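**Student:** Got a structure for you, structure.cif, holding mmCIF, C-alpha atoms.
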```
data_work
#
loop_
_atom_site.label_atom_id
_atom_site.label_comp_id
_atom_site.auth_asym_id
_atom_site.auth_seq_id
_atom_site.Cartn_x
_atom_site.Cartn_y
_atom_site.Cartn_z
CA ASP A 1 0.00 0.00 0.00
CA ALA A 2 1.03 3.61 -0.57
CA ASP A 3 -0.42 7.05 0.03
CA LEU A 4 -0.98 9.28 -3.02
CA THR A 5 -1.37 12.99 -2.32
CA LEU A 6 -2.36 15.70 -4.78
CA ASP A 7 -1.41 19.12 -3.39
CA ALA A 8 -3.28 22.30 -4.25
CA ASP A 9 -0.17 23.68 -5.96
CA GLY A 10 -0.03 20.74 -8.35
CA LYS A 11 2.57 18.65 -6.51
CA ILE A 12 2.09 14.88 -6.59
CA VAL A 13 3.50 12.98 -3.61
CA VAL A 14 3.67 9.19 -3.36
CA GLU A 15 4.54 7.80 0.07
CA ALA A 16 5.34 4.09 0.05
CA LYS A 17 5.94 1.89 3.05
CA ALA A 18 9.53 1.24 4.09
CA GLY A 19 10.85 -2.02 2.70
CA ASP A 20 8.18 -2.15 0.00
CA GLU A 21 8.54 -1.17 -3.67
CA ALA A 22 6.93 1.14 -6.20
CA VAL A 23 6.07 -0.63 -9.46
CA PHE A 24 4.84 0.69 -12.80
CA ASN A 25 3.26 -1.79 -15.21
CA GLU A 26 3.19 -4.72 -12.79
CA GLY A 27 1.48 -6.87 -15.44
CA GLY A 28 4.43 -6.58 -17.86
CA LEU A 29 2.25 -5.25 -20.68
CA ASP A 30 3.39 -3.40 -23.79
CA VAL A 31 3.13 -0.03 -22.10
CA ASP A 32 5.57 2.87 -22.42
CA PHE A 33 6.66 5.13 -19.58
CA ARG A 34 7.56 8.73 -20.38
CA VAL A 35 8.62 11.75 -18.32
CA GLU A 36 8.73 15.23 -19.84
CA SER A 37 10.91 18.17 -18.82
CA VAL A 38 10.77 21.83 -19.85
CA ASP A 39 12.41 21.25 -23.25
CA GLU A 40 12.36 17.46 -23.68
CA THR A 41 9.28 15.38 -24.37
CA HIS A 42 11.17 12.13 -23.65
CA MET A 43 13.52 13.18 -20.84
CA ILE A 44 13.03 9.70 -19.35
CA PHE A 45 11.50 7.12 -21.64
CA VAL A 46 10.99 3.37 -21.22
CA GLU A 47 9.73 1.46 -24.24
CA GLY A 48 7.75 -1.53 -23.06
CA SER A 49 7.88 -3.48 -26.33
CA SER A 50 11.70 -3.46 -26.67
CA ASN A 51 12.77 -3.54 -23.00
CA ARG A 52 14.88 -0.42 -23.65
CA ALA A 53 15.14 3.01 -22.10
CA SER A 54 16.44 6.42 -23.13
CA ILE A 55 17.33 9.63 -21.34
CA GLY A 56 17.57 13.05 -22.91
CA ASP A 57 16.88 14.46 -26.35
CA SER A 58 15.97 11.29 -28.26
CA THR A 59 12.29 10.91 -29.17
CA ASP A 60 12.42 7.69 -31.19
CA ALA A 61 12.83 4.09 -30.10
CA PRO A 62 15.91 3.64 -27.89
CA ALA A 63 18.88 2.26 -29.87
CA ALA A 64 20.36 0.40 -26.88
CA THR A 65 19.35 -1.05 -23.55
CA LEU A 66 20.06 2.45 -22.23
CA GLU A 67 20.53 5.35 -24.64
CA LEU A 68 21.67 8.82 -23.59
CA THR A 69 21.30 11.71 -26.02
CA ASN A 70 21.75 15.40 -25.32
CA ALA A 71 20.61 18.39 -27.30
CA SER A 72 23.12 20.27 -29.46
CA ASP A 73 22.69 23.30 -27.20
CA GLY A 74 22.66 21.38 -23.91
CA GLY A 75 25.70 23.23 -22.60
CA VAL A 76 26.79 20.43 -20.24
CA PRO A 77 28.51 17.05 -20.63
CA LEU A 78 26.32 14.18 -21.78
CA LEU A 79 27.45 12.00 -18.88
CA GLN A 80 29.36 12.88 -15.73
CA LEU A 81 30.43 10.32 -13.16
CA ASN A 82 31.73 11.51 -9.78
CA SER A 83 33.24 8.69 -7.74
CA ASN A 84 34.01 9.76 -4.15
CA ASP A 85 34.77 6.36 -2.61
CA THR A 86 38.58 6.48 -2.72
CA ASP A 87 39.24 2.72 -2.51
CA LYS A 88 36.59 1.52 -4.97
CA ILE A 89 36.51 1.29 -8.75
CA GLY A 90 34.86 4.26 -10.41
CA VAL A 91 33.52 2.42 -13.46
CA ASP A 92 33.36 -1.40 -13.61
CA ILE A 93 32.52 -3.08 -16.92
CA ASN A 94 32.04 -6.85 -16.92
CA ALA A 95 31.73 -7.92 -20.55
CA ALA A 96 30.97 -11.39 -21.85
CA ASN A 97 31.79 -10.28 -25.40
CA ILE A 98 33.59 -12.77 -27.62
CA ASP A 99 33.62 -11.32 -31.13
CA ALA A 100 32.34 -7.77 -30.59
CA ASP A 101 34.03 -4.66 -29.20
CA VAL A 102 33.52 -3.92 -25.53
CA ILE A 103 33.97 -0.16 -25.99
CA ASP A 104 33.54 1.48 -29.39
CA ILE A 105 34.21 5.21 -29.75
CA THR A 106 33.32 7.00 -32.96
CA ALA A 107 34.63 10.56 -32.91
CA ASP A 108 34.94 11.28 -36.63
CA ALA A 109 33.98 14.94 -36.17
CA VAL A 110 36.85 15.77 -33.78
CA THR A 111 39.52 18.03 -35.30
CA THR A 112 41.62 19.90 -32.71
CA ALA A 113 40.30 18.31 -29.48
CA ASN A 114 41.32 15.03 -27.82
CA VAL A 115 39.16 11.94 -28.28
CA ILE A 116 40.32 10.55 -24.91
CA ASP A 117 41.92 12.76 -22.26
CA ILE A 118 43.41 11.24 -19.09
CA THR A 119 45.04 13.24 -16.30
CA ALA A 120 46.60 11.72 -13.18
CA ASP A 121 48.36 14.61 -11.46
CA ALA A 122 48.66 12.91 -8.06
CA LEU A 123 50.29 9.79 -9.52
CA THR A 124 53.14 8.21 -7.52
CA THR A 125 53.70 4.47 -8.05
CA GLY A 126 50.42 3.99 -9.90
CA THR A 127 49.79 3.89 -13.64
CA ALA A 128 47.63 6.23 -15.70
CA LEU A 129 46.76 3.50 -18.21
CA ASN A 130 47.31 -0.21 -17.60
CA ILE A 131 46.66 -2.77 -20.33
CA ALA A 132 47.33 -6.39 -19.40
CA THR A 133 46.50 -9.87 -20.62
CA THR A 134 47.19 -13.35 -19.28
CA ALA A 135 46.19 -15.04 -22.54
CA THR A 136 48.39 -18.02 -23.51
CA SER A 137 46.89 -18.96 -26.88
CA ASP A 138 49.28 -19.22 -29.81
CA SER A 139 47.47 -16.71 -31.99
CA ALA A 140 48.70 -13.64 -33.85
CA GLY A 141 47.42 -10.46 -32.23
CA SER A 142 48.41 -7.20 -30.63
CA LEU A 143 48.06 -6.07 -27.03
CA VAL A 144 48.07 -2.49 -28.30
CA LYS A 145 47.62 -1.48 -31.93
CA ILE A 146 47.88 2.02 -33.37
CA ALA A 147 46.77 2.19 -37.00
CA GLN A 148 46.73 5.25 -39.25
CA LEU A 149 44.32 4.15 -41.96
CA GLY A 150 43.29 5.79 -45.19
CA THR A 151 44.16 5.46 -48.87
CA ASN A 152 46.67 8.30 -48.81
CA GLY A 153 47.30 8.28 -45.05
CA ARG A 154 48.04 11.79 -43.88
CA ALA A 155 50.27 12.75 -46.77
CA GLY A 156 51.57 16.31 -46.73
CA SER A 157 54.09 18.37 -44.79
CA ALA A 158 52.49 18.39 -41.31
CA ALA A 159 54.15 16.33 -38.56
CA SER A 160 51.65 13.46 -38.42
CA ILE A 161 52.83 11.08 -35.67
CA GLY A 162 51.65 7.56 -34.89
CA LEU A 163 52.89 7.55 -31.28
CA HIS A 164 54.10 10.71 -29.56
CA ILE A 165 55.79 10.49 -26.15
CA ASP A 166 56.52 13.91 -24.62
CA PHE A 167 58.45 13.18 -21.43
CA ASP A 168 59.44 16.22 -19.36
CA THR A 169 61.18 14.46 -16.45
CA VAL A 170 64.76 15.76 -16.12
CA ALA A 171 67.76 15.08 -13.85
CA ASN A 172 66.68 11.51 -13.07
CA ALA A 173 69.09 8.76 -14.09
CA ASN A 174 66.42 6.09 -13.56
CA ALA A 175 63.72 7.76 -15.67
CA ARG A 176 62.77 6.30 -19.05
CA ALA A 177 60.61 7.85 -21.75
CA LEU A 178 60.15 4.37 -23.24
CA LYS A 179 61.04 1.04 -21.66
CA ILE A 180 60.56 -2.42 -23.13
CA ASP A 181 61.04 -5.33 -20.72
CA SER A 182 60.83 -8.51 -22.76
CA GLU A 183 61.27 -12.10 -21.57
CA GLN A 184 61.60 -13.40 -25.13
CA THR A 185 64.21 -16.06 -25.85
CA THR A 186 63.56 -16.11 -29.59
CA GLY A 187 61.91 -13.71 -32.00
CA VAL A 188 62.46 -9.95 -32.22
CA VAL A 189 62.02 -7.52 -29.30
CA ALA A 190 61.70 -4.35 -31.40
CA GLU A 191 61.05 -4.45 -35.14
CA PHE A 192 60.95 -1.50 -37.52
CA ASP A 193 59.41 -2.13 -40.92
CA GLY A 194 60.29 0.80 -43.12
CA ASN A 195 60.32 -0.98 -46.46
CA ALA A 196 58.39 1.84 -48.14
CA ILE A 197 60.99 4.51 -47.30
CA THR A 198 62.87 5.99 -50.25
CA THR A 199 64.42 9.35 -49.30
CA GLY A 200 63.36 9.27 -45.65
CA THR A 201 65.13 7.84 -42.58
CA GLY A 202 64.37 4.55 -40.83
CA VAL A 203 65.46 5.62 -37.35
CA SER A 204 66.55 9.13 -36.36
CA ILE A 205 68.26 9.95 -33.03
CA ALA A 206 69.16 13.51 -32.04
CA THR A 207 71.03 14.39 -28.81
CA ASN A 208 72.04 17.99 -29.38
CA ALA A 209 72.60 18.76 -25.68
CA ARG A 210 74.81 15.72 -25.08
CA THR A 211 78.02 16.17 -23.08
CA THR A 212 79.43 12.97 -21.52
CA GLY A 213 76.34 10.95 -22.41
CA THR A 214 75.86 8.52 -25.28
CA ALA A 215 73.40 8.76 -28.15
CA LEU A 216 73.17 4.99 -28.61
CA THR A 217 74.40 2.28 -26.23
CA ILE A 218 74.37 -1.40 -27.12
CA SER A 219 75.74 -3.68 -24.41
CA ASP A 220 75.97 -7.41 -23.82
CA THR A 221 77.17 -9.31 -20.73
CA ALA A 222 76.66 -12.76 -22.27
CA THR A 223 79.52 -15.24 -21.69
CA ASN A 224 78.32 -18.27 -23.64
CA ASP A 225 80.52 -19.60 -26.46
CA SER A 226 78.07 -19.10 -29.31
CA ALA A 227 78.41 -17.38 -32.67
CA GLY A 228 76.51 -14.10 -32.77
CA SER A 229 76.79 -10.40 -33.45
CA LEU A 230 76.42 -7.51 -31.04
CA VAL A 231 75.71 -5.29 -34.04
CA LYS A 232 74.98 -6.52 -37.53
CA ILE A 233 74.62 -4.35 -40.61
CA HIS A 234 73.38 -6.37 -43.55
CA GLN A 235 72.66 -5.02 -47.02
CA ASP A 236 70.63 -7.86 -48.50
CA GLY A 237 70.07 -6.98 -52.10
CA ASP A 238 72.01 -5.83 -55.13
CA ARG A 239 72.48 -2.07 -55.24
CA SER A 240 74.77 -2.20 -58.22
CA GLY A 241 75.17 1.01 -60.18
CA THR A 242 77.03 4.30 -59.81
CA ALA A 243 75.37 5.76 -56.67
CA ALA A 244 77.39 5.87 -53.45
CA SER A 245 75.63 3.09 -51.56
CA VAL A 246 77.18 2.97 -48.08
CA ALA A 247 76.63 0.32 -45.40
CA LEU A 248 78.11 2.43 -42.58
CA LEU A 249 78.68 6.16 -42.87
CA ILE A 250 80.47 8.06 -40.10
CA ASP A 251 80.53 11.82 -40.63
CA VAL A 252 82.32 13.54 -37.72
CA ASP A 253 82.68 17.30 -37.95
CA THR A 254 84.79 17.71 -34.81
CA ASP A 255 88.08 19.44 -35.65
CA VAL A 256 91.09 20.79 -33.73
CA ASN A 257 90.72 18.11 -31.05
CA PRO A 258 93.62 15.65 -30.69
CA ASN A 259 91.48 13.33 -28.52
CA ALA A 260 88.58 13.08 -30.95
CA ARG A 261 87.98 9.83 -32.82
CA ALA A 262 85.63 9.17 -35.71
CA LEU A 263 85.77 5.45 -34.87
CA LYS A 264 87.37 3.82 -31.84
CA ILE A 265 87.57 0.10 -31.15
CA ASP A 266 88.77 -0.95 -27.69
CA SER A 267 89.16 -4.73 -27.66
CA ASP A 268 90.51 -6.96 -24.90
CA GLN A 269 90.84 -9.96 -27.20
CA THR A 270 93.84 -12.20 -26.81
CA THR A 271 93.02 -14.26 -29.90
CA GLY A 272 90.88 -13.81 -32.96
CA VAL A 273 90.59 -10.70 -35.10
#
```
Take the structure from the file and write it as structure tokens.

**Tutor:**
Amino acid sequence: DADLTLDADGKIVVEAKAGDEAVFNEGGLDVDFRVESVDETHMIFVEGSSNRASIGDSTDAPAATLELTNASDGGVPLLQLNSNDTDKIGVDINAANIDADVIDITADAVTTANVIDITADALTTGTALNIATTATSDSAGSLVKIAQLGTNGRAGSAASIGLHIDFDTVANANARALKIDSEQTTGVVAEFDGNAITTGTGVSIATNARTTGTALTISDTATNDSAGSLVKIHQDGDRSGTAASVALLIDVDTDVNPNARALKIDSDQTTGV
């Protein structure tokens, strides 16, 4: 039982008993439920025939179990979640999907804004974005994939970048802008496929502020007696002709320095070459 009161000023008050419930359409009939606001005819809408609901500006049949649509002049975010419980997950998605995307974002109208913006200004030992998998299946796939698609890509003169890491940490010997920790015993840890390059550069490293540091360090503490190369430069293909095809080019512009070396090899070998 519940008490229904109609006030003189037009207010409708429903007082239900504690521990009970308020039910609309108890018989489960094909009946819609709709709440209007000042500007929206379907501010809250439940479609009985489809078992779907919508909130906001949409006036047609809901396109999902719950559809949220705002007006073009709404002036506020479509959805805002404020999680104040500091030791609980803010948004928890449990998906049973097998062959469909769990989250699909279509932002084809964005030009100068960010599609996803994450800030974590109080971060200490935590991680702003953590992507992990314990899958063991022997199937080709990527944990993270960044793809610039399109017939002509982003051809032109603008600096179009697939992955941009802007790391402002300074004076920290243990800091890394990019770190790859691989437990592989075979295969390739980092692979660059630049087979389409003609006049460009495969890998470019610039260290214009370098003093006693090193632009590129390759080290190996292995002691096993196995044939292998610490560095291997291999031109596999015939580049016959008249052009100056060079496997290793060292261009050192340092002058008037008796201690400078264009190439220095310091070997502790007792045998071999």

**Student:** The PyMOL selection byres ((chain A and resi 261-267) around 7) - which residues does that actually catch in the file I just gave you? List them as a PyMOL selection string.

**Tutor:** chain A and resi 250+252+259-260+268-269

**Student:** What gap, in Å, lies between CA of Thr186 (chain A) and CA of Thr223 (chain A)?

**Tutor:**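 These two atoms are separated by 17.8 Å.
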
**Student:** Figure out the distance between CA of Gly141 (chain A) and CA of Val189 (chain A), please, to one decimal in Å.

**Tutor:**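 CA of Gly141 (chain A) lies at a distance of 15.2 Å from CA of Val189 (chain A).
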
**Student:** Identify all residues satisfying the PyMOL selection byres ((chain A and resi 37-50) around 12) in the given file; provide them as a ChimeraX atom specification.

**Tutor:** /A:24-36,51-71,73-74

**Student:** Compile the contact shell of Ile233 (chain A) as a compact mmCIF listing (two decimals) with C-alpha atoms, keeping the file's coordinate frame: residues with an atom at most 12 Å away, counting only C-alpha atoms, same-chain residues fewer than 6 positions apart removed.

**Tutor:**
```txt
# COMPACT_ATOMS: atom_id res chain seq x y z
CA VAL A 246 77.18 2.97 -48.08
CA ALA A 247 76.63 0.32 -45.40
CA LEU A 248 78.11 2.43 -42.58
CA LEU A 249 78.68 6.16 -42.87
```

**Student:** How many Å lie between CA of Asp251 (chain A) and CA of Leu216 (chain A), rounded to one decimal?

**Tutor:**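 Computing the Euclidean distance for CA of Asp251 (chain A) and CA of Leu216 (chain A) yields 15.7 Å.
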
**Student:** Taking the partial coordinates given, rebuild region 81-92 of chain A to contain all heavy atoms; return it as a PDB file, in the coordinates of the input.

**Tutor:**
```pdb
ATOM      1  N   LEU A  81      30.381  11.268 -14.255  1.00  0.00           N
ATOM      2  CA  LEU A  81      30.430  10.320 -13.160  1.00  0.00           C
ATOM      3  C   LEU A  81      31.382  10.864 -12.101  1.00  0.00           C
ATOM      4  O   LEU A  81      32.554  11.121 -12.397  1.00  0.00           O
ATOM      5  CB  LEU A  81      30.905   8.943 -13.639  1.00  0.00           C
ATOM      6  CG  LEU A  81      30.105   8.311 -14.781  1.00  0.00           C
ATOM      7  CD1 LEU A  81      30.756   7.013 -15.222  1.00  0.00           C
ATOM      8  CD2 LEU A  81      28.666   8.058 -14.362  1.00  0.00           C
ATOM      9  N   ASN A  82      30.912  11.037 -10.893  1.00  0.00           N
ATOM     10  CA  ASN A  82      31.730  11.510  -9.780  1.00  0.00           C
ATOM     11  C   ASN A  82      31.844  10.401  -8.752  1.00  0.00           C
ATOM     12  O   ASN A  82      30.884  10.111  -8.036  1.00  0.00           O
ATOM     13  CB  ASN A  82      31.120  12.765  -9.150  1.00  0.00           C
ATOM     14  CG  ASN A  82      31.072  13.927 -10.120  1.00  0.00           C
ATOM     15  OD1 ASN A  82      32.089  14.362 -10.639  1.00  0.00           O
ATOM     16  ND2 ASN A  82      29.872  14.428 -10.382  1.00  0.00           N
ATOM     17  N   SER A  83      33.018   9.788  -8.685  1.00  0.00           N
ATOM     18  CA  SER A  83      33.240   8.690  -7.740  1.00  0.00           C
ATOM     19  C   SER A  83      34.008   9.231  -6.539  1.00  0.00           C
ATOM     20  O   SER A  83      35.145   9.671  -6.669  1.00  0.00           O
ATOM     21  CB  SER A  83      34.022   7.564  -8.413  1.00  0.00           C
ATOM     22  OG  SER A  83      34.289   6.526  -7.498  1.00  0.00           O
ATOM     23  N   ASN A  84      33.404   9.197  -5.349  1.00  0.00           N
ATOM     24  CA  ASN A  84      34.010   9.760  -4.150  1.00  0.00           C
ATOM     25  C   ASN A  84      34.494   8.706  -3.160  1.00  0.00           C
ATOM     26  O   ASN A  84      35.052   9.057  -2.115  1.00  0.00           O
ATOM     27  CB  ASN A  84      33.007  10.689  -3.452  1.00  0.00           C
ATOM     28  CG  ASN A  84      32.655  11.890  -4.319  1.00  0.00           C
ATOM     29  OD1 ASN A  84      33.533  12.531  -4.882  1.00  0.00           O
ATOM     30  ND2 ASN A  84      31.361  12.173  -4.444  1.00  0.00           N
ATOM     31  N   ASP A  85      34.280   7.434  -3.470  1.00  0.00           N
ATOM     32  CA  ASP A  85      34.770   6.360  -2.610  1.00  0.00           C
ATOM     33  C   ASP A  85      36.197   6.044  -3.051  1.00  0.00           C
ATOM     34  O   ASP A  85      36.421   5.436  -4.095  1.00  0.00           O
ATOM     35  CB  ASP A  85      33.877   5.128  -2.731  1.00  0.00           C
ATOM     36  CG  ASP A  85      34.070   4.163  -1.580  1.00  0.00           C
ATOM     37  OD1 ASP A  85      35.155   4.193  -0.963  1.00  0.00           O
ATOM     38  OD2 ASP A  85      33.159   3.381  -1.281  1.00  0.00           O
ATOM     39  N   THR A  86      37.189   6.461  -2.267  1.00  0.00           N
ATOM     40  CA  THR A  86      38.580   6.480  -2.720  1.00  0.00           C
ATOM     41  C   THR A  86      39.199   5.095  -2.939  1.00  0.00           C
ATOM     42  O   THR A  86      40.220   4.986  -3.620  1.00  0.00           O
ATOM     43  CB  THR A  86      39.453   7.255  -1.728  1.00  0.00           C
ATOM     44  OG1 THR A  86      39.366   6.634  -0.434  1.00  0.00           O
ATOM     45  CG2 THR A  86      38.969   8.698  -1.623  1.00  0.00           C
ATOM     46  N   ASP A  87      38.638   4.047  -2.359  1.00  0.00           N
ATOM     47  CA  ASP A  87      39.240   2.720  -2.510  1.00  0.00           C
ATOM     48  C   ASP A  87      38.344   1.778  -3.315  1.00  0.00           C
ATOM     49  O   ASP A  87      38.459   0.557  -3.195  1.00  0.00           O
ATOM     50  CB  ASP A  87      39.570   2.108  -1.150  1.00  0.00           C
ATOM     51  CG  ASP A  87      38.335   1.918  -0.277  1.00  0.00           C
ATOM     52  OD1 ASP A  87      37.258   2.405  -0.664  1.00  0.00           O
ATOM     53  OD2 ASP A  87      38.456   1.271   0.777  1.00  0.00           O
ATOM     54  N   LYS A  88      37.460   2.339  -4.128  1.00  0.00           N
ATOM     55  CA  LYS A  88      36.590   1.520  -4.970  1.00  0.00           C
ATOM     56  C   LYS A  88      36.735   1.940  -6.427  1.00  0.00           C
ATOM     57  O   LYS A  88      37.109   3.064  -6.742  1.00  0.00           O
ATOM     58  CB  LYS A  88      35.126   1.641  -4.532  1.00  0.00           C
ATOM     59  CG  LYS A  88      34.858   1.156  -3.113  1.00  0.00           C
ATOM     60  CD  LYS A  88      35.223  -0.306  -2.940  1.00  0.00           C
ATOM     61  CE  LYS A  88      34.961  -0.768  -1.508  1.00  0.00           C
ATOM     62  NZ  LYS A  88      35.359  -2.185  -1.297  1.00  0.00           N
ATOM     63  N   ILE A  89      36.429   1.022  -7.319  1.00  0.00           N
ATOM     64  CA  ILE A  89      36.510   1.290  -8.750  1.00  0.00           C
ATOM     65  C   ILE A  89      35.436   2.284  -9.154  1.00  0.00           C
ATOM     66  O   ILE A  89      34.276   2.162  -8.741  1.00  0.00           O
ATOM     67  CB  ILE A  89      36.364  -0.025  -9.550  1.00  0.00           C
ATOM     68  CG1 ILE A  89      37.529  -0.963  -9.234  1.00  0.00           C
ATOM     69  CG2 ILE A  89      36.293   0.244 -11.048  1.00  0.00           C
ATOM     70  CD1 ILE A  89      37.405  -2.329  -9.864  1.00  0.00           C
ATOM     71  N   GLY A  90      35.818   3.258  -9.974  1.00  0.00           N
ATOM     72  CA  GLY A  90      34.860   4.260 -10.410  1.00  0.00           C
ATOM     73  C   GLY A  90      33.883   3.721 -11.435  1.00  0.00           C
ATOM     74  O   GLY A  90      32.672   3.941 -11.338  1.00  0.00           O
ATOM     75  N   VAL A  91      34.364   3.013 -12.430  1.00  0.00           N
ATOM     76  CA  VAL A  91      33.520   2.420 -13.460  1.00  0.00           C
ATOM     77  C   VAL A  91      33.956   0.970 -13.652  1.00  0.00           C
ATOM     78  O   VAL A  91      35.132   0.698 -13.930  1.00  0.00           O
ATOM     79  CB  VAL A  91      33.622   3.171 -14.802  1.00  0.00           C
ATOM     80  CG1 VAL A  91      32.763   2.486 -15.857  1.00  0.00           C
ATOM     81  CG2 VAL A  91      33.212   4.621 -14.634  1.00  0.00           C
ATOM     82  N   ASP A  92      33.051   0.038 -13.510  1.00  0.00           N
ATOM     83  CA  ASP A  92      33.360  -1.400 -13.610  1.00  0.00           C
ATOM     84  C   ASP A  92      32.529  -1.989 -14.736  1.00  0.00           C
ATOM     85  O   ASP A  92      31.300  -1.970 -14.688  1.00  0.00           O
ATOM     86  CB  ASP A  92      33.037  -2.078 -12.277  1.00  0.00           C
ATOM     87  CG  ASP A  92      33.557  -3.512 -12.231  1.00  0.00           C
ATOM     88  OD1 ASP A  92      34.084  -3.981 -13.258  1.00  0.00           O
ATOM     89  OD2 ASP A  92      33.429  -4.162 -11.176  1.00  0.00           O
TER      90      ASP A  92
END
```
